[in-house]
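Shown here: entry-v5.pdb, PDB, C-alpha atoms and all ligand atoms.
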```pdb
MODEL        1
ATOM      1  CA  MET Z  26     105.349 100.953 108.576
ATOM      2  CA  ASN Z  27     104.680  97.299 107.777
ATOM      3  CA  ASN Z  28     101.567  95.574 106.497
ATOM      4  CA  SER Z  29      98.788  94.355 108.814
ATOM      5  CA  GLU Z  30      98.151  90.667 109.496
ATOM      6  CA  THR Z  31      95.186  90.705 107.134
ATOM      7  CA  SER Z  32      96.992  92.404 104.218
ATOM      8  CA  PRO Z  33      96.914  90.401 100.984
ATOM      9  CA  PRO Z  34     100.140  89.242  99.317
ATOM     10  CA  ALA Z  35     101.563  91.498  96.603
ATOM     11  CA  PHE Z  36     100.689  90.568  93.014
ATOM     12  CA  GLN Z  37     102.980  87.855  91.740
ATOM     13  CA  TRP Z  38     101.916  88.206  88.149
ATOM     14  CA  GLU Z  39     104.425  85.751  86.711
ATOM     15  CA  ASP Z  40     103.587  83.072  89.309
ATOM     16  CA  TRP Z  41      99.896  83.559  88.616
ATOM     17  CA  TYR Z  42     100.414  83.249  84.862
ATOM     18  CA  ASN Z  43     102.695  80.246  85.297
ATOM     19  CA  ALA Z  44      99.972  78.518  87.310
ATOM     20  CA  ILE Z  45      97.682  78.649  84.269
ATOM     21  CA  GLY Z  46     100.340  77.664  81.756
ATOM     22  CA  GLY Z  47     101.924  81.063  81.053
ATOM     23  CA  ARG Z  48     100.809  84.303  79.420
ATOM     24  CA  ARG Z  49      98.485  83.597  76.517
ATOM     25  CA  ILE Z  50      97.019  86.949  75.518
ATOM     26  CA  LYS Z  51      98.888  88.033  72.396
ATOM     27  CA  ILE Z  52      97.723  91.380  71.095
ATOM     28  CA  SER Z  53     100.478  93.397  69.458
ATOM     29  CA  GLU Z  54      99.172  96.765  70.725
ATOM     30  CA  VAL Z  55      99.090  95.370  74.273
ATOM     31  CA  GLU Z  56     102.651  94.024  73.939
ATOM     32  CA  ASN Z  57     103.840  97.405  72.623
ATOM     33  CA  ILE Z  58     102.338  99.282  75.546
ATOM     34  CA  LEU Z  59     103.804  96.799  78.056
ATOM     35  CA  THR Z  60     107.225  97.362  76.475
ATOM     36  CA  GLN Z  61     106.794 101.121  76.661
ATOM     37  CA  ILE Z  62     105.857 100.902  80.350
ATOM     38  CA  ARG Z  63     108.885  98.716  81.116
ATOM     39  CA  GLU Z  64     111.399 100.633  79.029
ATOM     40  CA  HIS Z  65     110.198 104.228  79.228
ATOM     41  CA  GLN Z  66     108.355 104.487  82.536
ATOM     42  CA  TYR Z  67     110.097 102.181  85.029
ATOM     43  CA  PRO Z  68     113.442 104.048  84.716
ATOM     44  CA  ARG Z  69     111.675 107.335  85.557
ATOM     45  CA  PHE Z  70     110.286 106.223  88.924
ATOM     46  CA  LYS Z  71     113.154 107.832  90.829
ATOM     47  CA  GLY Z  72     114.315 111.439  90.783
ATOM     48  CA  THR Z  73     116.214 114.109  92.685
ATOM     49  CA  VAL Z  74     114.488 115.939  95.516
ATOM     50  CA  ASN Z  75     114.921 119.712  95.390
ATOM     51  CA  SER Z  76     117.077 120.793  98.346
ATOM     52  CA  GLU Z  77     115.057 124.027  98.632
ATOM     53  CA  ARG Z  78     111.741 123.051 100.118
ATOM     54  CA  VAL Z  79     108.509 124.947  99.463
ATOM     55  CA  GLU Z  80     106.698 125.339 102.811
ATOM     56  CA  PHE Z  81     102.910 125.538 102.611
ATOM     57  CA  SER Z  82     101.090 127.437 105.363
ATOM     58  CA  SER Z  83      98.608 124.558 105.760
ATOM     59  CA  GLY Z  84      98.042 120.959 104.743
ATOM     60  CA  ALA Z  85      94.915 122.103 102.926
ATOM     61  CA  LEU Z  86      96.932 124.420 100.657
ATOM     62  CA  ALA Z  87      99.536 121.716 100.029
ATOM     63  CA  SER Z  88      96.809 119.213  99.092
ATOM     64  CA  GLU Z  89      95.147 121.763  96.838
ATOM     65  CA  ALA Z  90      98.436 122.357  94.978
ATOM     66  CA  VAL Z  91      99.138 118.644  94.540
ATOM     67  CA  LYS Z  92      95.605 117.843  93.373
ATOM     68  CA  ARG Z  93      95.552 120.799  90.992
ATOM     69  CA  LYS Z  94      98.765 119.465  89.454
ATOM     70  CA  ALA Z  95      97.297 115.957  89.171
ATOM     71  CA  PHE Z  96      94.275 117.262  87.249
ATOM     72  CA  GLU Z  97      96.553 119.423  85.077
ATOM     73  CA  LEU Z  98      98.536 116.270  84.210
ATOM     74  CA  GLY Z  99      95.399 114.446  83.102
ATOM     75  CA  ALA Z 100      93.903 112.773  86.174
ATOM     76  CA  ASP Z 101      90.106 112.538  86.176
ATOM     77  CA  GLU Z 102      90.038 112.229  89.971
ATOM     78  CA  ALA Z 103      92.575 112.925  92.719
ATOM     79  CA  GLY Z 104      92.420 112.591  96.502
ATOM     80  CA  ILE Z 105      94.562 112.157  99.600
ATOM     81  CA  ALA Z 106      94.460 109.332 102.166
ATOM     82  CA  GLU Z 107      96.581 108.462 105.170
ATOM     83  CA  ILE Z 108      98.307 105.092 104.754
ATOM     84  CA  GLU Z 109      97.496 102.459 107.382
ATOM     85  CA  PRO Z 110      99.030  98.956 107.796
ATOM     86  CA  GLY Z 111      96.002  97.379 106.066
ATOM     87  CA  ASP Z 112      96.803  99.414 102.928
ATOM     88  CA  ILE Z 113     100.247  97.802 102.530
ATOM     89  CA  TYR Z 114     100.845  94.495 100.741
ATOM     90  CA  GLN Z 115     102.315  91.608 102.723
ATOM     91  CA  GLY Z 116     106.080  91.775 103.006
ATOM     92  CA  ARG Z 117     106.295  95.397 101.861
ATOM     93  CA  GLU Z 118     107.471  98.286 103.981
ATOM     94  CA  VAL Z 119     106.302 101.845 103.509
ATOM     95  CA  LYS Z 120     107.888 104.842 105.210
ATOM     96  CA  GLU Z 121     105.587 107.493 103.804
ATOM     97  CA  LYS Z 122     102.483 108.717 105.622
ATOM     98  CA  TYR Z 123     100.186 109.830 102.801
ATOM     99  CA  ALA Z 124      99.014 108.549  99.448
ATOM    100  CA  VAL Z 125      98.014 110.906  96.667
ATOM    101  CA  VAL Z 126      95.608 108.683  94.769
ATOM    102  CA  VAL Z 127      94.745 109.436  91.145
ATOM    103  CA  ALA Z 128      92.318 107.882  88.675
ATOM    104  CA  GLN Z 129      91.773 108.012  84.950
ATOM    105  CA  ARG Z 130      88.626 106.794  83.273
ATOM    106  CA  MET Z 131      88.595 104.168  80.551
ATOM    107  CA  LEU Z 132      86.433 104.856  77.519
ATOM    108  CA  TRP Z 133      83.047 103.200  77.397
ATOM    109  CA  ARG Z 134      83.277 102.951  73.634
ATOM    110  CA  SER Z 135      86.167 100.464  74.015
ATOM    111  CA  PHE Z 136      84.023  98.186  76.173
ATOM    112  CA  GLN Z 137      81.108  97.862  73.755
ATOM    113  CA  GLU Z 138      82.115  94.260  73.316
ATOM    114  CA  VAL Z 139      83.783  92.268  76.087
ATOM    115  CA  PRO Z 140      86.091  90.447  76.238
ATOM    116  CA  SER Z 141      87.682  91.980  73.135
ATOM    117  CA  ASN Z 142      90.941  93.310  71.759
ATOM    118  CA  ASP Z 143      89.536  96.833  72.117
ATOM    119  CA  SER Z 144      88.836  96.414  75.825
ATOM    120  CA  ALA Z 145      92.252  94.843  76.491
ATOM    121  CA  ILE Z 146      94.043  97.651  74.627
ATOM    122  CA  GLU Z 147      92.035 100.296  76.494
ATOM    123  CA  CYS Z 148      93.086  98.799  79.866
ATOM    124  CA  LEU Z 149      96.736  99.030  78.829
ATOM    125  CA  ARG Z 150      96.332 102.492  77.266
ATOM    126  CA  VAL Z 151      95.123 103.812  80.604
ATOM    127  CA  TYR Z 152      97.836 101.974  82.558
ATOM    128  CA  PHE Z 153     100.374 103.856  80.447
ATOM    129  CA  SER Z 154      98.586 107.170  80.466
ATOM    130  CA  LEU Z 155      97.915 107.095  84.216
ATOM    131  CA  GLY Z 156     101.500 105.901  84.696
ATOM    132  CA  GLU Z 157     102.602 109.187  83.105
ATOM    133  CA  VAL Z 158     100.396 111.087  85.555
ATOM    134  CA  VAL Z 159     101.941 109.417  88.641
ATOM    135  CA  ILE Z 160     105.510 109.748  87.334
ATOM    136  CA  ARG Z 161     105.085 113.448  86.542
ATOM    137  CA  LEU Z 162     103.208 114.094  89.759
ATOM    138  CA  ALA Z 163     106.108 112.522  91.668
ATOM    139  CA  ASP Z 164     108.509 114.817  89.760
ATOM    140  CA  TYR Z 165     106.387 117.794  90.831
ATOM    141  CA  ILE Z 166     106.348 116.737  94.507
ATOM    142  CA  ARG Z 167     110.146 116.307  94.415
ATOM    143  CA  SER Z 168     110.489 119.750  92.805
ATOM    144  CA  LEU Z 169     108.687 121.132  95.879
ATOM    145  CA  GLY Z 170     111.383 119.543  98.071
ATOM    146  CA  TYR Z 171     109.569 116.401  99.272
ATOM    147  CA  ALA Z 172     110.621 112.797  98.698
ATOM    148  CA  CYS Z 173     108.019 110.439  97.281
ATOM    149  CA  THR Z 174     107.543 107.024  95.689
ATOM    150  CA  VAL Z 175     105.689 106.134  92.490
ATOM    151  CA  GLU Z 176     103.083 103.377  92.876
ATOM    152  CA  HIS Z 177     102.332 102.563  89.241
ATOM    153  CA  PRO Z 178      98.794 101.460  88.278
ATOM    154  CA  ILE Z 179      99.944  98.308  86.471
ATOM    155  CA  GLY Z 180     100.779  96.427  89.661
ATOM    156  CA  ASP Z 181     103.714  95.370  91.786
ATOM    157  CA  SER Z 182     103.000  98.361  94.008
ATOM    158  CA  ASP Z 183     103.642  98.482  97.763
ATOM    159  CA  VAL Z 184     100.190  99.813  98.576
ATOM    160  CA  LEU Z 185      96.658  98.722  97.747
ATOM    161  CA  HIS Z 186      95.150 101.478  95.632
ATOM    162  CA  VAL Z 187      91.527 100.433  96.251
ATOM    163  CA  PRO Z 188      91.245 100.962 100.044
ATOM    164  CA  LEU Z 189      93.276 104.159  99.734
ATOM    165  CA  ALA Z 190      90.959 105.457  97.006
ATOM    166  CA  LEU Z 191      87.910 104.601  99.133
ATOM    167  CA  LYS Z 192      89.371 106.618 102.013
ATOM    168  CA  ALA Z 193      90.152 109.443  99.585
ATOM    169  CA  GLY Z 194      86.465 109.653  98.641
ATOM    170  CA  PHE Z 195      86.536 108.103  95.157
ATOM    171  CA  GLY Z 196      83.303 106.154  95.598
ATOM    172  CA  GLU Z 197      82.080 102.893  97.067
ATOM    173  CA  LEU Z 198      83.081  99.275  96.691
ATOM    174  CA  GLY Z 199      80.880  97.358  94.251
ATOM    175  CA  ARG Z 200      79.891  93.713  94.330
ATOM    176  CA  HIS Z 201      82.421  93.147  91.510
ATOM    177  CA  GLY Z 202      85.280  94.224  93.776
ATOM    178  CA  SER Z 203      85.963  97.483  91.934
ATOM    179  CA  ILE Z 204      85.187 100.961  93.177
ATOM    180  CA  ILE Z 205      82.145 102.619  91.674
ATOM    181  CA  HIS Z 206      82.690 106.343  91.348
ATOM    182  CA  PRO Z 207      79.593 108.560  91.419
ATOM    183  CA  TRP Z 208      80.179 109.889  87.894
ATOM    184  CA  MET Z 209      82.865 107.646  86.353
ATOM    185  CA  GLY Z 210      81.135 104.413  87.345
ATOM    186  CA  PRO Z 211      83.620 101.520  87.694
ATOM    187  CA  LEU Z 212      85.469 101.973  84.366
ATOM    188  CA  PHE Z 213      88.642 103.621  85.625
ATOM    189  CA  ARG Z 214      92.115 102.710  86.846
ATOM    190  CA  LEU Z 215      94.013 103.809  89.936
ATOM    191  CA  GLY Z 216      97.579 104.763  90.755
ATOM    192  CA  SER Z 217      99.269 106.580  93.654
ATOM    193  CA  VAL Z 218     102.247 108.631  94.729
ATOM    194  CA  ILE Z 219     103.161 108.179  98.388
ATOM    195  CA  THR Z 220     104.943 110.882 100.352
ATOM    196  CA  ASP Z 221     105.623 112.432 103.748
ATOM    197  CA  MET Z 222     104.731 115.893 102.474
ATOM    198  CA  PRO Z 223     102.264 117.265 105.073
ATOM    199  CA  LEU Z 224      98.874 117.008 103.360
ATOM    200  CA  GLN Z 225      95.235 117.294 104.338
ATOM    201  CA  THR Z 226      93.338 114.057 103.795
ATOM    202  CA  ASP Z 227      89.975 113.689 102.073
ATOM    203  CA  SER Z 228      86.980 111.823 103.478
ATOM    204  CA  PRO Z 229      85.171 108.698 102.282
ATOM    205  CA  ILE Z 230      81.723 109.119 100.782
ATOM    206  CA  ASP Z 231      78.374 107.379 101.186
ATOM    207  CA  ALA Z 232      76.391 107.984  98.011
ATOM    208  CA  GLY Z 233      74.153 104.911  98.425
ATOM    209  CA  ILE Z 234      76.107 102.903  95.824
ATOM    210  CA  ALA Z 235      77.057  99.977  98.073
ATOM    211  CA  ALA Z 236      73.465  99.749  99.286
ATOM    212  CA  PHE Z 237      72.297  99.688  95.645
ATOM    213  CA  CYS Z 238      74.629  96.727  94.970
ATOM    214  CA  ASP Z 239      72.802  94.672  97.577
ATOM    215  CA  ASN Z 240      69.779  94.541  95.264
ATOM    216  CA  CYS Z 241      71.478  94.514  91.860
ATOM    217  CA  ARG Z 242      73.281  91.429  90.573
ATOM    218  CA  ALA Z 243      74.028  92.362  86.973
ATOM    219  CA  CYS Z 244      77.780  91.764  87.307
ATOM    220  CA  ARG Z 245      77.244  88.432  89.051
ATOM    221  CA  ILE Z 246      74.855  87.273  86.339
ATOM    222  CA  TYR Z 247      77.270  88.254  83.554
ATOM    223  CA  CYS Z 248      80.546  87.079  85.103
ATOM    224  CA  PRO Z 249      81.644  84.175  82.882
ATOM    225  CA  ALA Z 250      83.701  82.574  85.654
ATOM    226  CA  LYS Z 251      80.978  82.900  88.280
ATOM    227  CA  ALA Z 252      83.518  84.597  90.481
ATOM    228  CA  ILE Z 253      81.255  87.352  91.826
ATOM    229  CA  PRO Z 254      79.473  86.486  95.068
ATOM    230  CA  ASP Z 255      75.807  86.479  95.913
ATOM    231  CA  LYS Z 256      76.325  87.612  99.477
ATOM    232  CA  ARG Z 257      78.723  89.768 101.440
ATOM    233  CA  SER Z 258      81.396  87.779 103.342
ATOM    234  CA  PRO Z 259      81.787  88.556 107.045
ATOM    235  CA  GLU Z 260      85.291  86.998 106.983
ATOM    236  CA  ALA Z 261      86.464  89.325 104.180
ATOM    237  CA  GLY Z 262      86.722  92.423 106.369
ATOM    238  CA  LYS Z 263      84.784  95.669 106.231
ATOM    239  CA  ASP Z 264      84.560  98.350 103.582
ATOM    240  CA  HIS Z 265      84.945 102.020 104.527
ATOM    241  CA  LEU Z 266      81.239 102.232 105.421
ATOM    242  CA  GLY Z 267      81.464  99.329 107.868
ATOM    243  CA  ASN Z 268      79.739  96.830 105.532
ATOM    244  CA  ASP Z 269      81.075  93.287 105.199
ATOM    245  CA  ARG Z 270      82.905  93.172 101.876
ATOM    246  CA  TYR Z 271      81.903  91.278  98.775
ATOM    247  CA  LYS Z 272      84.715  88.830  98.092
ATOM    248  CA  VAL Z 273      85.389  88.110  94.423
ATOM    249  CA  ASP Z 274      86.826  84.614  93.981
ATOM    250  CA  THR Z 275      90.160  85.404  92.333
ATOM    251  CA  GLY Z 276      90.818  81.666  91.920
ATOM    252  CA  LYS Z 277      87.920  81.607  89.451
ATOM    253  CA  CYS Z 278      88.357  85.094  87.973
ATOM    254  CA  PHE Z 279      92.063  85.051  87.158
ATOM    255  CA  PRO Z 280      92.189  81.940  84.936
ATOM    256  CA  TYR Z 281      89.373  83.374  82.818
ATOM    257  CA  PHE Z 282      90.721  86.961  82.898
ATOM    258  CA  ALA Z 283      94.198  85.823  81.871
ATOM    259  CA  THR Z 284      93.014  83.756  78.925
ATOM    260  CA  HIS Z 285      90.226  86.020  77.619
ATOM    261  CA  ASN Z 286      91.711  89.451  76.926
ATOM    262  CA  TYR Z 287      91.630  90.584  80.571
ATOM    263  CA  CYS Z 288      87.878  89.828  80.565
ATOM    264  CA  SER Z 289      86.606  92.932  82.447
ATOM    265  CA  ALA Z 290      82.990  92.014  81.608
ATOM    266  CA  CYS Z 291      81.945  92.969  85.137
ATOM    267  CA  LEU Z 292      82.851  96.611  84.529
ATOM    268  CA  PRO Z 293      80.791  97.600  81.466
ATOM    269  CA  VAL Z 294      77.787  95.497  82.526
ATOM    270  CA  CYS Z 295      77.683  97.340  85.839
ATOM    271  CA  VAL Z 296      74.472  99.315  85.850
ATOM    272  CA  TYR Z 297      76.377 102.364  86.962
ATOM    273  CA  HIS Z 298      77.357 102.738  83.306
ATOM    274  CA  HIS Z 299      73.868 102.654  82.007
ATOM    275  CA  LYS Z 300      73.396 106.311  82.564
ATOM    276  CA  GLU Z 301      73.717 109.067  80.013
ATOM    277  CA  TRP Z 302      76.541 110.771  81.870
ATOM    278  CA  ALA Z 303      78.714 107.688  81.824
ATOM    279  CA  ARG Z 304      78.927 107.404  78.050
ATOM    280  CA  ASP Z 305      81.368 108.837  75.529
ATOM    281  CA  PHE Z 306      79.749 111.533  73.488
ATOM    282  CA  ASP Z 307      82.586 113.047  71.489
ATOM    283  CA  GLY Z 308      81.371 112.052  68.049
ATOM    284  CA  PHE Z 309      80.880 108.343  68.777
ATOM    285  CA  THR Z 310      77.676 106.365  68.615
ATOM    286  CA  THR Z 311      77.662 104.122  71.628
ATOM    287  CA  LYS Z 312      75.222 101.533  72.876
ATOM    288  CA  LEU Z 313      73.600 101.532  76.258
ATOM    289  CA  PHE Z 314      74.449  97.887  76.949
ATOM    290  CA  PRO Z 315      77.642  96.124  75.867
ATOM    291  CA  ASP Z 316      77.752  92.869  73.913
ATOM    292  CA  VAL Z 317      79.148  90.230  76.193
ATOM    293  CA  GLU Z 318      80.645  87.340  74.283
ATOM    294  CA  LEU Z 319      81.127  84.166  76.199
ATOM    295  CA  LYS Z 320      83.934  82.624  74.236
ATOM    296  CA  ASP Z 321      85.132  79.289  75.455
ATOM    297  CA  PRO Z 322      83.101  79.400  78.672
ATOM    298  CA  PRO Z 323      84.348  77.501  81.679
ATOM    299  CA  PRO Z 324      82.010  74.854  83.087
ATOM    300  CA  PRO Z 325      79.385  76.289  85.417
ATOM    301  CA  VAL Z 326      80.722  76.442  88.925
ATOM    302  CA  ASP Z 327      77.665  77.516  90.818
ATOM    303  CA  PRO Z 328      75.553  74.425  91.515
ATOM    304  CA  GLU Z 329      72.498  76.610  92.040
ATOM    305  CA  ILE Z 330      72.768  78.014  88.531
ATOM    306  CA  PRO Z 331      73.379  74.983  86.318
ATOM    307  CA  LYS Z 332      74.032  76.987  83.147
ATOM    308  CA  HIS Z 333      75.544  80.241  82.036
ATOM    309  CA  TRP Z 334      73.150  82.918  80.954
ATOM    310  CA  TYR Z 335      75.283  84.319  78.145
ATOM    311  CA  PRO Z 336      74.854  85.922  75.788
ATOM    312  CA  ARG Z 337      71.118  86.438  76.045
ATOM    313  CA  ILE Z 338      69.531  87.812  79.101
ATOM    314  CA  HIS Z 339      66.409  89.903  79.053
ATOM    315  CA  ARG Z 340      66.662  93.088  80.972
TER     316      ARG Z 340
HETATM  317  S1  LIG C   1      87.011  90.109  85.206
HETATM  318 FE1  LIG C   1      85.564  88.673  84.196
HETATM  319  S2  LIG C   1      85.907  86.728  85.298
HETATM  320 FE2  LIG C   1      86.770  88.341  86.591
HETATM  321  S3  LIG C   1      85.127  88.953  88.011
HETATM  322 FE3  LIG C   1      85.021  90.349  86.228
HETATM  323  S4  LIG C   1      83.541  89.358  84.849
HETATM  324 FE4  LIG C   1      84.207  87.797  86.319
HETATM  325  S1  LIG C   2      76.457  95.512  88.409
HETATM  326 FE1  LIG C   2      75.102  95.999  90.091
HETATM  327  S2  LIG C   2      75.728  94.613  91.780
HETATM  328 FE2  LIG C   2      77.402  94.658  90.285
HETATM  329  S3  LIG C   2      78.765  96.236  91.052
HETATM  330 FE3  LIG C   2      77.420  97.216  89.517
HETATM  331  S4  LIG C   2      75.731  98.067  90.747
HETATM  332 FE4  LIG C   2      76.821  96.580  92.057
ENDMDL
END
```
Represent the structure from my file as structure tokens, please.
Amino acid sequence: MNNSETSPPAFQWEDWYNAIGGRRIKISEVENILTQIREHQYPRFKGTVNSERVEFSSGALASEAVKRKAFELGADEAGIAEIEPGDIYQGREVKEKYAVVVAQRMLWRSFQEVPSNDSAIECLRVYFSLGEVVIRLADYIRSLGYACTVEHPIGDSDVLHVPLALKAGFGELGRHGSIIHPWMGPLFRLGSVITDMPLQTDSPIDAGIAAFCDNCRACRIYCPAKAIPDKRSPEAGKDHLGNDRYKVDTGKCFPYFATHNYCSACLPVCVYHHKEWARDFDGFTTKLFPDVELKDPPPPVDPEIPKHWYPRIHR
């Protein structure tokens, strides 16, 4: 199956970085994790498929087994979606029918100050840790006798994790362009394993989150690059609930993101974190609201808002 006409191009990380003068974030822990992903995870993407296939009596039982394994391996959420052309990046071809989508939450305590070294390291920690989940889950699926492909969370994947995760019932699309999960909020990362193993798919949810976003603008107010829109964009396609999507301006986001420790300010300021259940309790004292530091702010880009509102805003 090929991509649809409206599919976005695959991430060309190096081209994107080159366009802003190259990679500039230099944090040794981040570099170490990137090296580990390249050297210890990429070579484990492929594996041998067991010639003796385990036949499940139903797709439901097969899905249950695969999801149970995903949770056992450390996923915080797992679900199944059927892959459609719109879920495939431009120029990529996918033969598999299903995506097993997995998520792992990032720790709130690492996003107490954004952008920061802590938040950048936490993003990479979860890319590695979730990378282990998808690699080992793929090994498990092959051990059952089914071929599959690893779609690593760090990027350069064939499929778009976000629409697949929405179809798999992970939550709803927020104004900031990330999925908001009913209990994890938006602070999590996604990865997938795609396969032809006959599986039962999950269903999207409507928990009222997208409707809530229509009245809340916390992420838009705090976005240093003013990349988060005020209104939904009819030309940006529909989300899984049939709403026009909010279209984050990546041309504004990326230059800031790539020069300020992967920014991510829109995630911890999202009000879906400001709930008791979304905080880390295991022995850590955490704050309800993060400190957002606007280092080296870009010039205001929204003519209607002539100044940035960082770092003080009364709420
Ligand atoms: S990552 Fe930062 S610049 Fe990009 S949309 Fe989020 S808050 Fe804005
Ligand atoms: S901060 Fe508010 S508007 Fe932005 S994604 Fe979260 S709930 Fe939606």
**Request:** Could you pull out the residues sitting within 10 Å of ligand LIG 2 (chain C), using only C-alpha atoms and all ligand atoms, and write them as a PyMOL selection string?
**Result:** chain Z and resi 197-205+210-211+234-248+253-255+271+291-299
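Closest to Ile160 of chain Z among Z:Ala290, Z:Val218, Z:Ala124, Z:Leu185 is Z:Val218, based on only C-alpha atoms.
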**Asked** In Å, how far is it from atom CA of Ala85 of chain Z to atom CA of Pro223 of chain Z?
**Response** 9.1 Å
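Each of Z:Ala145, Z:Ile58, Z:Leu132, Z:Cys173 was checked against ligand LIG 1 (chain C) using only C-alpha atoms and all ligand atoms; the smallest atom-to-atom distance is that of Z:Ala145.
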**Request:** Report as a ChimeraX atom specification the residues that result from applying the PyMOL selection byres (((chain Z and resi 43-50) around 10) and not hetatm) to the structure here.
**Result:** /Z:37-42,51-53,55-56,142,145,279-287
**Prompt:** atom CA of Ala128 of chain Z and atom CA of Phe213 of chain Z, how far apart in Å?
**Reply:** 6.4 Å
**Asked** If the PyMOL selection byres (((chain Z and resi 182) around 12) and not hetatm) is run on the structure shown, which residues does it catch, given as a VMD selection string?
**Response** chain Z and resid 34 to 38 70 112 to 119 174 to 181 183 to 187 215 to 219
Box time for segment 233-236 of chain Z: axis-aligned, enclosing all its listed atoms, 4 Å extra on each side; report centre and edge lengths in Å to one decimal, as lines of an AutoDock Vina configuration file.
```
center_x = 75.3
center_y = 102.3
center_z = 97.6
size_x = 11.6
size_y = 13.2
size_z = 11.5
```
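Proximity of Z:Gly267, Z:Gly233, Z:Gly276, Z:Pro249 to ligand LIG 1 (chain C), computed with all atoms listed in the file, is greatest for Z:Pro249.
Across the model, the gap from atom CA of Trp133 of chain Z to atom FE4 of ligand LIG 1 (chain C) is 17.8 Å.
Closest approach to ligand LIG 1 (chain C) from the set Z:Asp316, Z:Asp274, Z:Asp305, Z:Asp101 is made by Z:Asp274, with distances taken over all atoms listed in the file.
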**Message:** At a cut-off of 12 Å around the point (113.4, 108.6, 92.3) (file coordinates), what residues fall inside when counting all atoms listed in the file? I'd like the answer as a PyMOL selection string.
**Reply:** chain Z and resi 66-75+160-168+171-176+218-220
**Request:** Rank Z:Gly308, Z:Pro140, Z:Pro259, Z:Pro315 by their smallest atom-to-atom distance to ligand LIG 1 (chain C), using all atoms listed in the file, and report the top residue only.
**Result:** Z:Pro140
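Ranking Z:Ala250, Z:Val158, Z:Ala100, Z:Ala90 by their shortest atom-to-atom distance to ligand LIG 1 (chain C), with all atoms listed in the file included, puts Z:Ala250 first.
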**Prompt:** Where does the PyMOL selection byres (((chain Z and resi 260) around 12) and not hetatm) land in this file, that is, which residues does it pick, as a ChimeraX atom specification?
**Reply:** /Z:31,256-259,261-264,268-272
**Message:** Set the distance at 8 Å and use all atoms listed in the file: which residues neighbour Ser88 of chain Z once local chain neighbours fewer than 3 positions away are removed? I'd like the list as an NGL selection string.
**Reply:** :Z and (84-85 or 91-92 or 105 or 224-226)
Show which residues sit within 9 Å of Gly196 of chain Z, as a PDB file with C-alpha atoms, in the coordinates of the input. Count all atoms listed in the file, and ignore same-chain residues fewer than 3 positions away.
```pdb
ATOM      1  CA  ALA Z 190      90.959 105.457  97.006  1.00  0.00           C
ATOM      2  CA  LEU Z 191      87.910 104.601  99.133  1.00  0.00           C
ATOM      3  CA  LYS Z 192      89.371 106.618 102.013  1.00  0.00           C
ATOM      4  CA  ALA Z 193      90.152 109.443  99.585  1.00  0.00           C
ATOM      5  CA  ILE Z 204      85.187 100.961  93.177  1.00  0.00           C
ATOM      6  CA  ILE Z 205      82.145 102.619  91.674  1.00  0.00           C
ATOM      7  CA  HIS Z 206      82.690 106.343  91.348  1.00  0.00           C
ATOM      8  CA  PRO Z 207      79.593 108.560  91.419  1.00  0.00           C
ATOM      9  CA  GLY Z 210      81.135 104.413  87.345  1.00  0.00           C
ATOM     10  CA  PRO Z 229      85.171 108.698 102.282  1.00  0.00           C
ATOM     11  CA  ILE Z 230      81.723 109.119 100.782  1.00  0.00           C
ATOM     12  CA  ASP Z 231      78.374 107.379 101.186  1.00  0.00           C
ATOM     13  CA  ALA Z 232      76.391 107.984  98.011  1.00  0.00           C
ATOM     14  CA  ILE Z 234      76.107 102.903  95.824  1.00  0.00           C
TER      15      ILE Z 234
END
```
